[in-house]
Amino acid sequence: MNLLDTLNKEQREAASTTTGPLLIIAGAGSGKTRVLTHRIAYLIEEEGVHPWNILAITFTNKAAGEMRERVDKMVGFGSESIWVATFHSTCVRILRRYIDRIGYDTNFTIYDTDDSKTVMKEVCKRLQYDTKVIKEKALLNAISAAKNELIGPTEFALNAQGDLWSQKVADAYREYQAALHKSNALDFDDLLMLTVELFRSCPDVLESYQERFKYIMVDEYQDTNTAQFELIRLLADQSHNLCVVGDDDQSIYKFRGANIHNILDFEKTYPEARVIKLEQNYRSTQSILNAANAVIRNNMERKDKALWTDAGDGEKIHFRPFETAYDEAEFIASDIARKCKAEHLSFGDFAVLYRTNAQSRILEEQFVMEGMPYQVVGGVNFYSRKEIKDVLAYLKTIDNGQDDVAVRRILNVPKRGIGATTISKVQAFADTSDISFFEALVRAREIPSLGNAAGKLEGFATMIRGFRGEMREFNLKQLLADVLETTGYLEELRTSGEEDAQDRVENVEELVSKMAAYEDEAEEPTLSGFLEEVALVADIDSVGEEGERTLLMTMHAAKGLEFEHVYVAGMEDGLFPGYLTISSDDPSDMEEERRLAYVAITRAKKHLTLSCAQKRMIRGETQYNPISRFVREIPEDLLDRPLPEKKSRAVDEYFDDNDSLFTGFGTGRSSGSSYGARSGESEPDRAPGSGVSYGSSGTFSKAVYSYNTKKTPLTGLSRKTPESKKPFMTKGVTTLSKGMPAAGAKPEYNVGDRVKHIKFGEGTVTALEKHERDYQVTVSFDGAGQKIMYAAFAKLQRIE
DNA sequence: CGTACTAGTCTTTTT
DNA sequence: GACTAGTACG
């Protein structure tokens, strides 16, 4: 019996093509993990490759763990020397060994986004940036993007010439990086960028890894960014035995730097590459696949392919519109409960997917009410909770005294009467003496004008050094217990009287058991090792295999998973696709959102239910959104019930070649009714080019309709452009509008006035036109160009 | 120095 | 609506 007998023809070919570059385009559910594990087994058993020479890289720890497990089963002896790891942990392992070659200490700590923000705040203070104008987050985003593109501070500064904002970023980047370096800390992006830097500046180090990793495999290749691409390229530069697996249709991480062109242009990078497509799907019914195919077909930037199965059509896709988000949640919970009971299913056979984490709460409430077991994946990461970060900061301080962020975080937690004034004096001393913050605490007596604060600081430093001494005799669990005890942290938490104190205590206890588990499992448990493991976990990592509970999670988190029954909630334009996408003038944003829809749909094995709500509270504001365009992209005969008609012509019909904005608002004159049972009442009058809505709006205090069209590859729509609508067409108009529909009143500004918009900043009013129910205002913004909007929605403020 | 209130932001997604 | 950071006040 051959190792590859259980694979289909394409899979077999993919698993047995071992030399040279290989691109496996693996559609959803086409068995790519199977192929990868078989390929590894084939390499070892059929080709006699030493396991030591194999590198398999994934994105999440969960994926790495699963692959490890499956490979272990297939390969047996020697499989432990295969390097199976995530990008980030791979880099950490390499850097722990060699980072001293590029000027860092090998016991560096890893900063999460919170820590980075703290550092950036300091940087902004030092550079005297007004953080109301220059946001820390914006700077960090820009820096992160640069790092993902392997652009260091120096190069960034060179490129920034002539651009004011870029120069600001460049200065912040330089300072930020210096601060990290001083704290001997790396952020997530540094892990990748510095590994590449290490390889580029130390050819001998690179060579040693090239010699080790003769066969490289990369999973989820469509999500790699430029830094990851370069890392892989360097490692594979000798052997060229590089096998990448991915699905361009499932590329959903552009926002964090993923470059879909890595997969689309693989054959350009490696002209000798073989390409194998896996299109047979072993997961879903043909109906589900047809729906997924129909949606993704609307994307332009993709490799042509279509999933198929021989499993049969299965049942139709359920579409359930509701009046409110509450109704929707109620339906989902009760439907799952009903099916579980009637068909003797496990709650674990179900998953509910949504676009934003904020949607989980209302669903959770219903699950609680029905008494159903569930687990919300994501949301606030366990390791980013305040109490966990506090405790970890103690451990980091003990582990690496150079980590200023950690030291400052806990210096006065629990309260030791050390205030901001004292801290800034210490910081100033540390800066002028060019020592770490912690070192400054040790030498507190040398700092002038501290008074009796010096004693407190010394006491703190002595305590920390006491903990360090304990590391020699105590194990990790004892050390942590002593930290919690001696610092009085747990005590303070218990007696704080805060409402969620009990939860927090439990979280800390959870951390204690995680540490104990680490100590039991790790070969050589160290404090650094624990902190490192903890720094690199993702939400999805904690989702175990089995479980009698329904998972609630974002569509992003669901990638790679599958369920018998899948509910996708909130299929509404404005929510999914999100309004930011709808109003974006980059068409690839909508394509990314559509790929997300594709991912969501293809999670379902047998039963898929799409639902939406006409009315929903988002960010404390009631919104009225139409049915998602992604639902409308599914052929109606695949759905179990007809879609309500759009109540007006498709917005696309109004325009042909420009991005345009249309807003309208309901009148609130008829009672709200759900789609299925719309009253026969005439629809509200609409301002020209008003948004599409279904049904009539009920009485409400706030409503939002926002529309924006662009050149979409939507087929079958005529593109009539009535002359009367022409005046509304403006080049480059992209916005969203929201606010009270208290329209009609003349705005307090006039043509020529300077106004301020919440998103676009300042500009000059160039036109003001009275319309049926609102004023239409045209503004030429200083930074964002010309925009046309309705006065009631735009919330423009006149400035002097 | 610590507490209590206010304003602003967020909600797209994460290693 | 919920959280957080910043400010005013005790």
# chains A, B, ... in the order shown; residues from 1 in each chain; ligands from 1

$ closest_atom_pairs --of "chain A" --to "chain C" --cutoff "10 Å" --atoms "only C-alpha atoms (C1' of nucleotides)" --output "tab-separated table"
residue	atom	partner	partner_atom	distance
A:Met617	CA	C:DG1	C1'	9.0
A:Ile618	CA	C:DG1	C1'	8.5
A:Arg619	CA	C:DG1	C1'	6.2
A:Gly620	CA	C:DG1	C1'	5.0
A:Glu621	CA	C:DG1	C1'	8.7

$ select_by_dssp --residues "stretch 454-505 of chain A" --states "helix (DSSP H, G or I)" --output "PyMOL selection string"
chain A and resi 454-473+476-486+489-495+501-505

$ interface_residues --of "chain B" --to "chain A" --cutoff "8 Å" --atoms "only C-alpha atoms (C1' of nucleotides)" --output "list in words"
DC1, DC10, DT11, DT12, DT13, DT14 and DT15 of chain B

$ write_last_selection --atoms "N, CA and C atoms (P, O5', C5', C4', C3', O3' and C1' of nucleotides)" --output "PDB file, in the first residue's frame"
ATOM      1  P    DC B   1       3.852  61.989  43.758  1.00  0.00           P
ATOM      2  O5'  DC B   1       2.436  61.625  44.413  1.00  0.00           O
ATOM      3  C5'  DC B   1       2.399  61.006  45.673  1.00  0.00           C
ATOM      4  C4'  DC B   1       0.969  60.641  45.947  1.00  0.00           C
ATOM      5  C3'  DC B   1       0.348  59.753  44.873  1.00  0.00           C
ATOM      6  O3'  DC B   1      -0.272  58.653  45.512  1.00  0.00           O
ATOM      7  C1'  DC B   1      -1.021  61.663  45.246  1.00  0.00           C
ATOM      8  P    DC B  10     -10.565  55.733  16.782  1.00  0.00           P
ATOM      9  O5'  DC B  10     -10.819  54.207  17.114  1.00  0.00           O
ATOM     10  C5'  DC B  10     -10.718  53.727  18.450  1.00  0.00           C
ATOM     11  C4'  DC B  10     -11.883  52.800  18.719  1.00  0.00           C
ATOM     12  C3'  DC B  10     -12.378  52.060  17.478  1.00  0.00           C
ATOM     13  O3'  DC B  10     -12.129  50.679  17.670  1.00  0.00           O
ATOM     14  C1'  DC B  10     -14.184  52.838  18.809  1.00  0.00           C
ATOM     15  P    DT B  11     -11.329  49.819  16.730  1.00  0.00           P
ATOM     16  O5'  DT B  11     -11.803  50.200  15.239  1.00  0.00           O
ATOM     17  C5'  DT B  11     -13.068  50.795  15.045  1.00  0.00           C
ATOM     18  C4'  DT B  11     -14.076  49.734  14.561  1.00  0.00           C
ATOM     19  C3'  DT B  11     -15.410  50.380  14.248  1.00  0.00           C
ATOM     20  O3'  DT B  11     -15.626  50.469  12.848  1.00  0.00           O
ATOM     21  C1'  DT B  11     -15.693  48.550  15.766  1.00  0.00           C
ATOM     22  P    DT B  12     -14.579  49.751  11.781  1.00  0.00           P
ATOM     23  O5'  DT B  12     -13.750  48.511  12.475  1.00  0.00           O
ATOM     24  C5'  DT B  12     -14.442  47.590  13.269  1.00  0.00           C
ATOM     25  C4'  DT B  12     -14.082  46.144  12.914  1.00  0.00           C
ATOM     26  C3'  DT B  12     -12.664  45.795  13.289  1.00  0.00           C
ATOM     27  O3'  DT B  12     -12.690  45.199  14.594  1.00  0.00           O
ATOM     28  C1'  DT B  12     -13.123  45.209  10.973  1.00  0.00           C
ATOM     29  P    DT B  13     -12.523  43.980  15.241  1.00  0.00           P
ATOM     30  O5'  DT B  13     -11.725  43.118  14.173  1.00  0.00           O
ATOM     31  C5'  DT B  13     -11.852  41.692  14.246  1.00  0.00           C
ATOM     32  C4'  DT B  13     -11.211  41.098  13.011  1.00  0.00           C
ATOM     33  C3'  DT B  13      -9.736  40.803  13.208  1.00  0.00           C
ATOM     34  O3'  DT B  13      -9.640  39.463  13.610  1.00  0.00           O
ATOM     35  C1'  DT B  13     -10.163  41.846  11.097  1.00  0.00           C
ATOM     36  P    DT B  14      -9.146  39.130  15.085  1.00  0.00           P
ATOM     37  O5'  DT B  14      -7.599  38.992  14.828  1.00  0.00           O
ATOM     38  C5'  DT B  14      -7.115  38.104  13.847  1.00  0.00           C
ATOM     39  C4'  DT B  14      -5.623  38.060  13.993  1.00  0.00           C
ATOM     40  C3'  DT B  14      -5.132  37.755  15.414  1.00  0.00           C
ATOM     41  O3'  DT B  14      -3.982  36.940  15.318  1.00  0.00           O
ATOM     42  C1'  DT B  14      -4.325  39.852  14.736  1.00  0.00           C
ATOM     43  P    DT B  15      -3.628  36.011  16.497  1.00  0.00           P
ATOM     44  O5'  DT B  15      -2.076  35.742  16.188  1.00  0.00           O
ATOM     45  C5'  DT B  15      -1.710  35.139  14.973  1.00  0.00           C
ATOM     46  C4'  DT B  15      -0.269  35.482  14.680  1.00  0.00           C
ATOM     47  C3'  DT B  15       0.705  35.175  15.822  1.00  0.00           C
ATOM     48  O3'  DT B  15       1.852  34.519  15.297  1.00  0.00           O
ATOM     49  C1'  DT B  15       0.891  37.434  15.165  1.00  0.00           C
TER      50       DT B  15
END

$ residues_around --residues "stretch 565-573 of chain A" --least-positions-apart "5" --cutoff "8 Å" --atoms "only C-alpha atoms (C1' of nucleotides)" --output "PyMOL selection string"
chain A and resi 325+328+332+349-355+578-579+582+600-601+603-613+625-631

$ atom_distance --atom1 "atom CA of A:Pro51" --atom2 "atom CA of A:Thr17"
17.0 Å

$ atom_distance --atom1 "atom CA of A:Gly314" --atom2 "atom CA of A:Ile25"
25.6 Å

$ select_by_dssp --residues "stretch 240-420 of chain A" --states "strand (DSSP E)" --output "ChimeraX atom specification"
/A:242-246,274-278,318-324,350-354,374-376

$ atom_distance --atom1 "atom CA of A:Asp782" --atom2 "atom CA of A:Ile799"
13.7 Å

$ closest_residue --among "A:Lys559, A:His50, A:Arg68, A:Lys182" --to "A:Arg595" --atoms "only C-alpha atoms"
A:Lys559

$ decode --residues "chain B" --atoms "C-alpha atoms (C1' of nucleotides)" --output "CSV table (one decimal), in the first residue's frame"
chain,number,residue,atom,x,y,z
B,1,DC,C1',-1.0,61.7,45.2
B,2,DG,C1',-5.4,59.5,44.4
B,3,DT,C1',-10.2,59.7,42.9
B,4,DA,C1',-14.2,61.0,40.1
B,5,DC,C1',-16.0,62.7,36.3
B,6,DT,C1',-15.8,64.0,31.2
B,7,DA,C1',-14.7,63.6,26.5
B,8,DG,C1',-13.3,61.1,22.9
B,9,DT,C1',-12.9,57.0,20.3
B,10,DC,C1',-14.2,52.8,18.8
B,11,DT,C1',-15.7,48.5,15.8
B,12,DT,C1',-13.1,45.2,11.0
B,13,DT,C1',-10.2,41.8,11.1
B,14,DT,C1',-4.3,39.9,14.7
B,15,DT,C1',0.9,37.4,15.2
